[in-house]
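One file, run_24.cif, is given below (mmCIF, C-alpha atoms).
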data_final
#
loop_
_atom_site.group_PDB
_atom_site.id
_atom_site.type_symbol
_atom_site.label_atom_id
_atom_site.label_comp_id
_atom_site.auth_asym_id
_atom_site.auth_seq_id
_atom_site.Cartn_x
_atom_site.Cartn_y
_atom_site.Cartn_z
ATOM 1 C CA MET A 1 0.000 0.000 0.000
ATOM 2 C CA PHE A 2 1.261 3.471 -0.894
ATOM 3 C CA ALA A 3 0.756 6.764 0.901
ATOM 4 C CA ILE A 4 1.130 8.764 -2.329
ATOM 5 C CA THR A 5 0.523 7.590 -5.893
ATOM 6 C CA THR A 6 0.526 9.694 -9.048
ATOM 7 C CA ARG A 7 -0.303 8.480 -12.548
ATOM 8 C CA ASP A 8 0.389 10.670 -15.588
ATOM 9 C CA LEU A 9 0.199 13.714 -13.316
ATOM 10 C CA THR A 10 0.483 16.793 -15.492
ATOM 11 C CA ARG A 11 0.295 20.522 -14.927
ATOM 12 C CA LYS A 12 0.623 23.050 -17.746
ATOM 13 C CA PHE A 13 0.892 26.825 -17.558
ATOM 14 C CA GLY A 14 -0.083 27.901 -21.026
ATOM 15 C CA LYS A 15 2.002 25.751 -23.334
ATOM 16 C CA ILE A 16 4.676 25.060 -20.733
ATOM 17 C CA TYR A 17 4.745 21.752 -18.869
ATOM 18 C CA ALA A 18 5.610 22.416 -15.213
ATOM 19 C CA VAL A 19 4.931 18.739 -14.420
ATOM 20 C CA ASP A 20 4.963 16.310 -17.319
ATOM 21 C CA HIS A 21 3.169 12.945 -16.903
ATOM 22 C CA LEU A 22 4.644 12.184 -13.492
ATOM 23 C CA ASP A 23 4.372 8.599 -12.201
ATOM 24 C CA MET A 24 5.456 8.248 -8.583
ATOM 25 C CA ARG A 25 4.718 5.881 -5.699
ATOM 26 C CA ILE A 26 5.742 6.587 -2.114
ATOM 27 C CA PRO A 27 5.391 3.751 0.437
ATOM 28 C CA ILE A 28 3.621 4.346 3.729
ATOM 29 C CA GLY A 29 6.027 5.324 6.494
ATOM 30 C CA SER A 30 8.867 6.359 4.212
ATOM 31 C CA LEU A 31 10.885 9.563 4.189
ATOM 32 C CA PHE A 32 11.040 10.453 0.501
ATOM 33 C CA GLY A 33 13.321 13.156 -0.914
ATOM 34 C CA LEU A 34 12.479 15.114 -4.070
ATOM 35 C CA ILE A 35 15.490 16.744 -5.722
ATOM 36 C CA GLY A 36 15.784 18.915 -8.789
ATOM 37 C CA PRO A 37 17.169 22.202 -10.110
ATOM 38 C CA ASN A 38 15.125 25.378 -9.921
ATOM 39 C CA GLY A 39 12.109 25.076 -12.201
ATOM 40 C CA ALA A 40 12.158 21.272 -12.189
ATOM 41 C CA GLY A 41 8.543 21.068 -10.979
ATOM 42 C CA LYS A 42 9.057 20.130 -7.330
ATOM 43 C CA THR A 43 6.931 22.886 -5.799
ATOM 44 C CA THR A 44 4.194 22.479 -8.417
ATOM 45 C CA THR A 45 4.074 18.750 -7.671
ATOM 46 C CA ILE A 46 3.815 19.299 -3.925
ATOM 47 C CA ARG A 47 1.093 21.920 -4.330
ATOM 48 C CA MET A 48 -0.966 19.546 -6.438
ATOM 49 C CA LEU A 49 -0.525 16.795 -3.847
ATOM 50 C CA ALA A 50 -1.643 19.249 -1.153
ATOM 51 C CA GLY A 51 -4.806 20.082 -3.116
ATOM 52 C CA LEU A 52 -3.801 23.720 -3.651
ATOM 53 C CA LEU A 53 -3.347 23.411 -7.406
ATOM 54 C CA GLU A 54 -5.547 21.536 -9.849
ATOM 55 C CA PRO A 55 -3.752 19.134 -12.189
ATOM 56 C CA THR A 56 -4.220 19.667 -15.905
ATOM 57 C CA SER A 57 -4.605 15.913 -16.192
ATOM 58 C CA GLY A 58 -3.640 12.712 -14.439
ATOM 59 C CA GLU A 59 -4.455 11.121 -11.107
ATOM 60 C CA ILE A 60 -3.423 11.604 -7.479
ATOM 61 C CA ARG A 61 -4.170 9.064 -4.759
ATOM 62 C CA ILE A 62 -3.466 9.626 -1.057
ATOM 63 C CA ASN A 63 -3.595 6.448 1.026
ATOM 64 C CA GLU A 64 -5.376 4.854 -1.946
ATOM 65 C CA LEU A 65 -8.111 7.541 -1.987
ATOM 66 C CA SER A 66 -8.624 9.521 -5.171
ATOM 67 C CA ALA A 67 -7.798 13.190 -4.564
ATOM 68 C CA GLN A 68 -10.444 14.198 -7.106
ATOM 69 C CA GLN A 69 -13.236 12.186 -5.455
ATOM 70 C CA TYR A 70 -12.352 12.445 -1.754
ATOM 71 C CA ARG A 71 -11.056 15.997 -1.424
ATOM 72 C CA GLN A 72 -12.420 16.662 2.079
ATOM 73 C CA GLU A 73 -11.240 13.346 3.521
ATOM 74 C CA ILE A 74 -7.753 13.899 2.109
ATOM 75 C CA GLN A 75 -7.518 17.369 3.685
ATOM 76 C CA TRP A 76 -7.469 15.603 7.049
ATOM 77 C CA GLN A 77 -4.776 13.167 5.934
ATOM 78 C CA VAL A 78 -2.286 15.678 4.511
ATOM 79 C CA GLY A 79 -0.210 18.368 6.211
ATOM 80 C CA TYR A 80 1.515 20.948 4.013
ATOM 81 C CA MET A 81 4.492 23.187 4.777
ATOM 82 C CA PRO A 82 5.269 25.625 1.939
ATOM 83 C CA ASP A 83 8.689 26.909 0.977
ATOM 84 C CA PHE A 84 7.649 30.496 1.717
ATOM 85 C CA PHE A 85 4.943 30.835 4.296
ATOM 86 C CA GLY A 86 2.968 33.742 5.675
ATOM 87 C CA VAL A 87 2.595 34.133 9.401
ATOM 88 C CA TYR A 88 0.437 36.366 11.529
ATOM 89 C CA ASP A 89 3.139 38.445 13.197
ATOM 90 C CA GLU A 90 0.920 40.085 15.807
ATOM 91 C CA LEU A 91 -0.278 36.741 17.151
ATOM 92 C CA LEU A 92 1.355 34.895 20.013
ATOM 93 C CA VAL A 93 2.808 31.492 19.190
ATOM 94 C CA TRP A 94 -0.019 29.588 20.887
ATOM 95 C CA GLU A 95 -2.612 31.859 19.234
ATOM 96 C CA TYR A 96 -1.145 31.096 15.816
ATOM 97 C CA LEU A 97 -1.639 27.358 16.334
ATOM 98 C CA ASP A 98 -5.011 27.928 17.982
ATOM 99 C CA PHE A 99 -6.213 29.763 14.855
ATOM 100 C CA PHE A 100 -5.417 26.796 12.604
ATOM 101 C CA GLY A 101 -6.858 24.372 15.152
ATOM 102 C CA ARG A 102 -10.125 26.287 14.904
ATOM 103 C CA CYS A 103 -9.939 26.073 11.106
ATOM 104 C CA PHE A 104 -10.017 22.273 11.512
ATOM 105 C CA ARG A 105 -12.885 22.616 14.009
ATOM 106 C CA LEU A 106 -10.987 21.056 16.904
ATOM 107 C CA ASP A 107 -12.948 21.511 20.133
ATOM 108 C CA GLY A 108 -11.499 23.733 22.843
ATOM 109 C CA HIS A 109 -10.117 21.163 25.314
ATOM 110 C CA LYS A 110 -8.652 18.937 22.599
ATOM 111 C CA ARG A 111 -7.222 21.953 20.779
ATOM 112 C CA LYS A 112 -5.368 23.156 23.866
ATOM 113 C CA GLN A 113 -3.950 19.682 24.517
ATOM 114 C CA ILE A 114 -2.772 19.316 20.898
ATOM 115 C CA ILE A 115 -1.137 22.767 20.954
ATOM 116 C CA ASP A 116 0.760 21.911 24.142
ATOM 117 C CA GLU A 117 1.940 18.607 22.653
ATOM 118 C CA LEU A 118 3.019 20.209 19.387
ATOM 119 C CA LEU A 119 4.947 22.990 21.111
ATOM 120 C CA GLU A 120 6.798 20.357 23.102
ATOM 121 C CA LEU A 121 7.451 18.289 19.966
ATOM 122 C CA VAL A 122 8.995 21.231 18.072
ATOM 123 C CA ASP A 123 10.750 22.557 21.201
ATOM 124 C CA LEU A 124 8.854 25.842 21.378
ATOM 125 C CA THR A 125 7.172 25.447 24.758
ATOM 126 C CA GLU A 126 9.231 28.279 26.245
ATOM 127 C CA LYS A 127 8.158 30.524 23.343
ATOM 128 C CA ARG A 128 4.472 29.822 23.855
ATOM 129 C CA ASP A 129 3.636 33.427 24.801
ATOM 130 C CA ALA A 130 6.134 35.098 22.448
ATOM 131 C CA TYR A 131 4.990 37.037 19.406
ATOM 132 C CA VAL A 132 5.562 35.217 16.137
ATOM 133 C CA HIS A 133 7.577 38.092 14.670
ATOM 134 C CA THR A 134 10.155 37.767 17.482
ATOM 135 C CA LEU A 135 11.058 34.181 16.553
ATOM 136 C CA SER A 136 14.238 33.290 14.710
ATOM 137 C CA ARG A 137 14.071 31.803 11.207
ATOM 138 C CA GLY A 138 14.601 28.296 12.588
ATOM 139 C CA MET A 139 11.893 28.741 15.197
ATOM 140 C CA ARG A 140 9.452 29.997 12.573
ATOM 141 C CA GLN A 141 10.175 26.924 10.457
ATOM 142 C CA ARG A 142 9.422 24.675 13.422
ATOM 143 C CA LEU A 143 6.255 26.641 14.156
ATOM 144 C CA CYS A 144 5.114 26.222 10.552
ATOM 145 C CA LEU A 145 5.768 22.490 10.846
ATOM 146 C CA ALA A 146 3.647 22.416 14.008
ATOM 147 C CA HIS A 147 0.901 24.178 12.026
ATOM 148 C CA ALA A 148 1.096 21.403 9.391
ATOM 149 C CA LEU A 149 0.669 18.838 12.196
ATOM 150 C CA ILE A 150 -2.259 20.481 13.995
ATOM 151 C CA HIS A 151 -4.811 17.967 12.652
ATOM 152 C CA ASP A 152 -2.482 14.940 13.053
ATOM 153 C CA PRO A 153 -2.112 14.098 9.336
ATOM 154 C CA GLN A 154 -0.523 10.839 8.229
ATOM 155 C CA VAL A 155 1.184 12.396 5.196
ATOM 156 C CA LEU A 156 3.460 15.450 5.403
ATOM 157 C CA LEU A 157 4.404 17.503 2.336
ATOM 158 C CA LEU A 158 7.380 19.719 3.155
ATOM 159 C CA ASP A 159 8.702 22.114 0.520
ATOM 160 C CA GLU A 160 12.308 23.072 1.346
ATOM 161 C CA PRO A 161 11.858 22.771 5.145
ATOM 162 C CA ALA A 162 15.540 23.570 5.816
ATOM 163 C CA SER A 163 15.715 26.558 3.457
ATOM 164 C CA GLY A 164 17.611 29.486 4.944
ATOM 165 C CA LEU A 165 18.436 27.722 8.198
ATOM 166 C CA ASP A 166 21.826 27.887 9.882
ATOM 167 C CA PRO A 167 23.708 24.605 10.500
ATOM 168 C CA ARG A 168 22.374 24.158 14.049
ATOM 169 C CA ALA A 169 18.786 24.783 12.967
ATOM 170 C CA ARG A 170 19.187 22.305 10.069
ATOM 171 C CA VAL A 171 20.367 19.629 12.509
ATOM 172 C CA GLU A 172 17.354 20.325 14.741
ATOM 173 C CA MET A 173 14.987 20.102 11.763
ATOM 174 C CA ARG A 174 16.590 16.856 10.621
ATOM 175 C CA GLU A 175 16.180 15.264 14.051
ATOM 176 C CA LEU A 176 12.583 16.422 14.185
ATOM 177 C CA LEU A 177 11.844 14.788 10.826
ATOM 178 C CA ARG A 178 13.380 11.543 12.040
ATOM 179 C CA GLU A 179 11.159 11.651 15.095
ATOM 180 C CA LEU A 180 8.065 12.223 12.957
ATOM 181 C CA ARG A 181 8.963 9.246 10.781
ATOM 182 C CA SER A 182 9.360 7.110 13.902
ATOM 183 C CA MET A 183 5.775 8.136 14.757
ATOM 184 C CA GLY A 184 4.595 6.516 11.523
ATOM 185 C CA LYS A 185 4.268 9.635 9.374
ATOM 186 C CA THR A 186 4.982 9.465 5.639
ATOM 187 C CA ILE A 187 7.123 12.451 4.703
ATOM 188 C CA LEU A 188 7.772 13.896 1.251
ATOM 189 C CA LEU A 189 10.270 16.734 1.286
ATOM 190 C CA SER A 190 12.021 18.709 -1.395
ATOM 191 C CA SER A 191 15.469 20.157 -0.842
ATOM 192 C CA HIS A 192 18.613 21.427 -2.522
ATOM 193 C CA ILE A 193 20.769 20.322 0.424
ATOM 194 C CA LEU A 194 21.819 17.061 -1.183
ATOM 195 C CA PRO A 195 24.116 15.585 1.502
ATOM 196 C CA GLU A 196 21.361 15.912 4.105
ATOM 197 C CA LEU A 197 18.868 14.131 1.853
ATOM 198 C CA ALA A 198 21.394 11.350 1.339
ATOM 199 C CA GLU A 199 21.684 10.918 5.100
ATOM 200 C CA LEU A 200 18.021 11.409 5.944
ATOM 201 C CA CYS A 201 15.858 9.823 3.226
ATOM 202 C CA ASP A 202 15.300 6.138 2.541
ATOM 203 C CA ARG A 203 14.197 6.875 -1.036
ATOM 204 C CA VAL A 204 15.015 9.711 -3.415
ATOM 205 C CA ALA A 205 13.613 10.999 -6.716
ATOM 206 C CA ILE A 206 15.387 13.369 -9.093
ATOM 207 C CA MET A 207 13.234 15.660 -11.245
ATOM 208 C CA GLU A 208 14.151 17.806 -14.232
ATOM 209 C CA ARG A 209 11.908 19.846 -16.551
ATOM 210 C CA GLY A 210 8.790 18.393 -14.960
ATOM 211 C CA ARG A 211 9.812 14.778 -15.464
ATOM 212 C CA LEU A 212 10.955 12.134 -13.022
ATOM 213 C CA VAL A 213 14.466 11.260 -14.187
ATOM 214 C CA VAL A 214 15.127 8.477 -11.697
ATOM 215 C CA HIS A 215 13.876 7.317 -8.326
ATOM 216 C CA GLY A 216 14.665 4.611 -5.807
ATOM 217 C CA SER A 217 16.995 4.065 -2.889
ATOM 218 C CA LEU A 218 20.226 6.038 -2.878
ATOM 219 C CA GLU A 219 22.160 2.858 -3.625
ATOM 220 C CA GLU A 220 19.998 2.110 -6.676
ATOM 221 C CA ILE A 221 20.387 5.631 -8.060
ATOM 222 C CA LEU A 222 24.148 5.721 -7.620
ATOM 223 C CA ARG A 223 24.569 2.366 -9.293
ATOM 224 C CA GLN A 224 22.626 3.603 -12.312
ATOM 225 C CA VAL A 225 24.996 6.512 -12.895
ATOM 226 C CA THR A 226 28.372 5.014 -12.047
ATOM 227 C CA GLN A 227 30.111 1.675 -12.388
ATOM 228 C CA ARG A 228 32.695 2.634 -9.761
ATOM 229 C CA ARG A 229 32.022 1.438 -6.234
ATOM 230 C CA PHE A 230 33.961 2.662 -3.231
ATOM 231 C CA TRP A 231 34.129 1.215 0.262
ATOM 232 C CA LYS A 232 35.139 2.862 3.510
ATOM 233 C CA ILE A 233 37.206 0.608 5.754
ATOM 234 C CA GLN A 234 38.391 1.363 9.279
ATOM 235 C CA VAL A 235 40.837 -0.812 11.229
ATOM 236 C CA LEU A 236 41.864 -0.798 14.871
ATOM 237 C CA ASN A 237 45.285 -2.453 14.613
ATOM 238 C CA ASP A 238 48.265 -2.906 12.253
ATOM 239 C CA PRO A 239 47.470 -0.063 9.813
ATOM 240 C CA VAL A 240 50.685 -0.646 7.873
ATOM 241 C CA ARG A 241 49.934 -4.339 7.372
ATOM 242 C CA ALA A 242 46.305 -3.529 6.525
ATOM 243 C CA ALA A 243 47.410 -1.004 3.898
ATOM 244 C CA ASP A 244 49.790 -3.534 2.360
ATOM 245 C CA LEU A 245 47.081 -6.216 2.242
ATOM 246 C CA ILE A 246 44.565 -3.847 0.625
ATOM 247 C CA GLU A 247 47.055 -2.495 -1.919
ATOM 248 C CA ASN A 248 48.003 -5.984 -3.086
ATOM 249 C CA PHE A 249 44.548 -7.537 -3.025
ATOM 250 C CA PRO A 250 43.650 -8.611 -6.607
ATOM 251 C CA ARG A 251 40.228 -6.912 -6.740
ATOM 252 C CA VAL A 252 41.436 -3.515 -5.483
ATOM 253 C CA LEU A 253 41.554 -0.916 -8.264
ATOM 254 C CA SER A 254 42.669 1.987 -6.090
ATOM 255 C CA PHE A 255 42.775 3.028 -2.465
ATOM 256 C CA VAL A 256 43.477 6.082 -0.352
ATOM 257 C CA GLU A 257 44.747 5.857 3.201
ATOM 258 C CA ALA A 258 43.941 8.478 5.826
ATOM 259 C CA GLN A 259 45.483 8.439 9.280
ATOM 260 C CA SER A 260 45.041 10.655 12.296
ATOM 261 C CA ASN A 261 46.447 10.632 15.796
ATOM 262 C CA ASN A 262 42.924 10.975 17.162
ATOM 263 C CA ARG A 263 41.141 8.240 15.229
ATOM 264 C CA PRO A 264 41.771 4.714 13.889
ATOM 265 C CA ALA A 265 43.304 4.238 10.452
ATOM 266 C CA HIS A 266 40.787 4.287 7.641
ATOM 267 C CA PHE A 267 40.867 3.700 3.901
ATOM 268 C CA GLU A 268 38.684 4.460 0.896
ATOM 269 C CA VAL A 269 38.942 1.541 -1.492
ATOM 270 C CA GLU A 270 37.715 1.095 -5.061
ATOM 271 C CA LEU A 271 36.863 -2.548 -5.715
ATOM 272 C CA SER A 272 35.868 -4.659 -8.673
ATOM 273 C CA GLY A 273 33.610 -7.687 -8.357
ATOM 274 C CA GLY A 274 30.682 -5.959 -6.658
ATOM 275 C CA ASP A 275 29.501 -7.338 -3.337
ATOM 276 C CA GLU A 276 31.500 -10.535 -3.773
ATOM 277 C CA GLY A 277 34.707 -8.543 -4.160
ATOM 278 C CA ALA A 278 33.965 -6.655 -0.960
ATOM 279 C CA ALA A 279 33.120 -9.882 0.872
ATOM 280 C CA ASP A 280 36.373 -11.479 -0.305
ATOM 281 C CA LEU A 281 38.441 -8.540 0.948
ATOM 282 C CA LEU A 282 36.691 -8.478 4.321
ATOM 283 C CA GLU A 283 37.146 -12.245 4.694
ATOM 284 C CA ARG A 284 40.860 -11.905 3.913
ATOM 285 C CA MET A 285 41.354 -9.117 6.446
ATOM 286 C CA ILE A 286 39.619 -11.096 9.181
ATOM 287 C CA HIS A 287 41.687 -14.168 8.302
ATOM 288 C CA GLU A 288 44.837 -12.069 8.715
ATOM 289 C CA ARG A 289 43.617 -10.997 12.175
ATOM 290 C CA ILE A 290 43.161 -7.369 11.241
ATOM 291 C CA ARG A 291 40.468 -5.896 13.458
ATOM 292 C CA VAL A 292 37.962 -4.233 11.134
ATOM 293 C CA SER A 293 35.659 -1.798 12.952
ATOM 294 C CA ALA A 294 33.883 -0.413 9.858
ATOM 295 C CA PHE A 295 33.362 -1.755 6.346
ATOM 296 C CA ALA A 296 30.650 0.023 4.349
ATOM 297 C CA GLU A 297 29.993 1.232 0.836
ATOM 298 C CA SER A 298 30.569 4.942 0.383
ATOM 299 C CA LEU A 299 27.255 6.450 -0.670
ATOM 300 C CA SER A 300 27.925 10.169 -0.222
ATOM 301 C CA ASP A 301 28.006 11.030 -3.926
ATOM 302 C CA LEU A 302 24.412 12.164 -4.402
ATOM 303 C CA GLU A 303 25.730 15.415 -5.867
ATOM 304 C CA GLU A 304 27.561 13.429 -8.559
ATOM 305 C CA ALA A 305 24.384 11.519 -9.431
ATOM 306 C CA PHE A 306 22.387 14.763 -9.483
ATOM 307 C CA LEU A 307 24.809 16.444 -11.870
ATOM 308 C CA LYS A 308 24.965 13.436 -14.178
ATOM 309 C CA LEU A 309 21.201 13.013 -14.346
ATOM 310 C CA THR A 310 20.339 16.685 -14.853
ATOM 311 C CA LYS A 311 21.627 19.220 -17.322
ATOM 312 C CA GLY A 312 22.125 21.795 -14.621
ATOM 313 C CA GLU A 313 19.918 24.273 -16.425
ATOM 314 C CA GLU A 314 16.929 26.107 -15.011
ATOM 315 C CA SER A 315 13.672 25.544 -16.820
ATOM 316 C CA ALA A 316 10.786 27.951 -16.980
#
Reformat the file's structure so that it appears as structure tokens.
Amino acid sequence: MFAITTRDLTRKFGKIYAVDHLDMRIPIGSLFGLIGPNGAGKTTTIRMLAGLLEPTSGEIRINELSAQQYRQEIQWQVGYMPDFFGVYDELLVWEYLDFFGRCFRLDGHKRKQIIDELLELVDLTEKRDAYVHTLSRGMRQRLCLAHALIHDPQVLLLDEPASGLDPRARVEMRELLRELRSMGKTILLSSHILPELAELCDRVAIMERGRLVVHGSLEEILRQVTQRRFWKIQVLNDPVRAADLIENFPRVLSFVEAQSNNRPAHFEVELSGGDEGAADLLERMIHERIRVSAFAESLSDLEEAFLKLTKGEESA
């Protein structure tokens, strides 16, 4: 069962295709990243999924319900956080959430309880009686996320949730998204911060000119764009002997050694033979009594995949 399904989803502005026959399926409970250059169609896609923009053609299903036939039901199942959002500056933080709780017709006692829980979730309890306009950019982002959660939706649509945040605020947002996923929420987010998507999302889609170029797990995408596979290896003893073993192992195409006084020796190794080649090297190192504390494929090259799969040009 899928939380979000699109079939031939299309949106035109005049003669221009903002979204061009998009087919996408997002499993329930996943954290799905949508990547693309400016003008790729990410925001238009998210707005259609949120019910704020009518498709020119095609189908949207949320939790297997047709968005065209069950519009009101889906409004309760979807929470939307835009890339640029308006706030009511002269409201207090709790009043801001109370306003949207009233929009969803939550009764008074339940509304107060939900507001208290959301403020605790997004770490704004101490700012409860502060005016919205006094909040930092990161706090406003968290407040907007709380607004998207006011009716306890199962699907969250987040358009550039980390946009404009400083490093600390991005870390806080990332941890908050992980917590929401652990609560069973399905999260679709768009972002240009590629390394964070690589670390955060279990599935990724790359869009360009309104089309879905590729989607799947990060491993699947990287293996479509490159035949080179790198592995990060860390050892706790005999770094010189480990380096000699790796350098002379038949399947090793190249390797780089990095050493530091404050951390164990580690290597980045390019191997042939796929998973079997990696298994053979690991088996050999264990046989030689080298204590291997980390042996994992290096999957931090989402930027490389992005550049290879897109032309790097902005579309209208």
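For the set A:His133, A:Arg102, A:Arg168, A:Arg178, the residue with the smallest atom-to-atom gap to Ser30 (chain A) is A:Arg178, counting all atoms listed in the file.
Proximity to Pro55 (chain A) was assessed for A:Leu34, A:Ala296, A:Ala67, A:Met183 counting all atoms listed in the file; the smallest distance is recorded for A:Ala67.
When only C-alpha atoms are used to compute distances to His147 (chain A), the closest of the residues A:Gly58, A:Gly79, A:Pro27, A:Pro37 turns out to be A:Gly79.
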Residues near region 9-23 of chain A, anyone? I mean within 12 Å using only C-alpha atoms, not counting same-chain ones fewer than 2 positions away, as a ChimeraX atom specification.
/A:4-7,25-26,38-49,53-61,67,205-215,314-316
Okay, now the selection with C-alpha atoms, as a JSON list (two decimals), keeping the file's coordinate frame?
[["chain", "number", "residue", "atom", "x", "y", "z"],
["A", 4, "ILE", "CA", 1.13, 8.76, -2.33],
["A", 5, "THR", "CA", 0.52, 7.59, -5.89],
["A", 6, "THR", "CA", 0.53, 9.69, -9.05],
["A", 7, "ARG", "CA", -0.30, 8.48, -12.55],
["A", 25, "ARG", "CA", 4.72, 5.88, -5.70],
["A", 26, "ILE", "CA", 5.74, 6.59, -2.11],
["A", 38, "ASN", "CA", 15.12, 25.38, -9.92],
["A", 39, "GLY", "CA", 12.11, 25.08, -12.20],
["A", 40, "ALA", "CA", 12.16, 21.27, -12.19],
["A", 41, "GLY", "CA", 8.54, 21.07, -10.98],
["A", 42, "LYS", "CA", 9.06, 20.13, -7.33],
["A", 43, "THR", "CA", 6.93, 22.89, -5.80],
["A", 44, "THR", "CA", 4.19, 22.48, -8.42],
["A", 45, "THR", "CA", 4.07, 18.75, -7.67],
["A", 46, "ILE", "CA", 3.82, 19.30, -3.92],
["A", 47, "ARG", "CA", 1.09, 21.92, -4.33],
["A", 48, "MET", "CA", -0.97, 19.55, -6.44],
["A", 49, "LEU", "CA", -0.52, 16.80, -3.85],
["A", 53, "LEU", "CA", -3.35, 23.41, -7.41],
["A", 54, "GLU", "CA", -5.55, 21.54, -9.85],
["A", 55, "PRO", "CA", -3.75, 19.13, -12.19],
["A", 56, "THR", "CA", -4.22, 19.67, -15.90],
["A", 57, "SER", "CA", -4.61, 15.91, -16.19],
["A", 58, "GLY", "CA", -3.64, 12.71, -14.44],
["A", 59, "GLU", "CA", -4.46, 11.12, -11.11],
["A", 60, "ILE", "CA", -3.42, 11.60, -7.48],
["A", 61, "ARG", "CA", -4.17, 9.06, -4.76],
["A", 67, "ALA", "CA", -7.80, 13.19, -4.56],
["A", 205, "ALA", "CA", 13.61, 11.00, -6.72],
["A", 206, "ILE", "CA", 15.39, 13.37, -9.09],
["A", 207, "MET", "CA", 13.23, 15.66, -11.24],
["A", 208, "GLU", "CA", 14.15, 17.81, -14.23],
["A", 209, "ARG", "CA", 11.91, 19.85, -16.55],
["A", 210, "GLY", "CA", 8.79, 18.39, -14.96],
["A", 211, "ARG", "CA", 9.81, 14.78, -15.46],
["A", 212, "LEU", "CA", 10.96, 12.13, -13.02],
["A", 213, "VAL", "CA", 14.47, 11.26, -14.19],
["A", 214, "VAL", "CA", 15.13, 8.48, -11.70],
["A", 215, "HIS", "CA", 13.88, 7.32, -8.33],
["A", 314, "GLU", "CA", 16.93, 26.11, -15.01],
["A", 315, "SER", "CA", 13.67, 25.54, -16.82],
["A", 316, "ALA", "CA", 10.79, 27.95, -16.98]]
Which residue of A:Arg284, A:Glu179, A:Leu189, A:Ala3 approaches Asn248 (chain A) most closely, using all atoms listed in the file
A:Arg284
Mind listing as a VMD selection string all residues within 7 Å of (7.7, 16.9, 9.5), counting all atoms listed in the file?
chain A and resid 145 156 158 176 to 177 180 187
What does the distance between CA of Val122 (chain A) and CA of Pro153 (chain A) come to in Å, to one decimal place?
15.8 Å
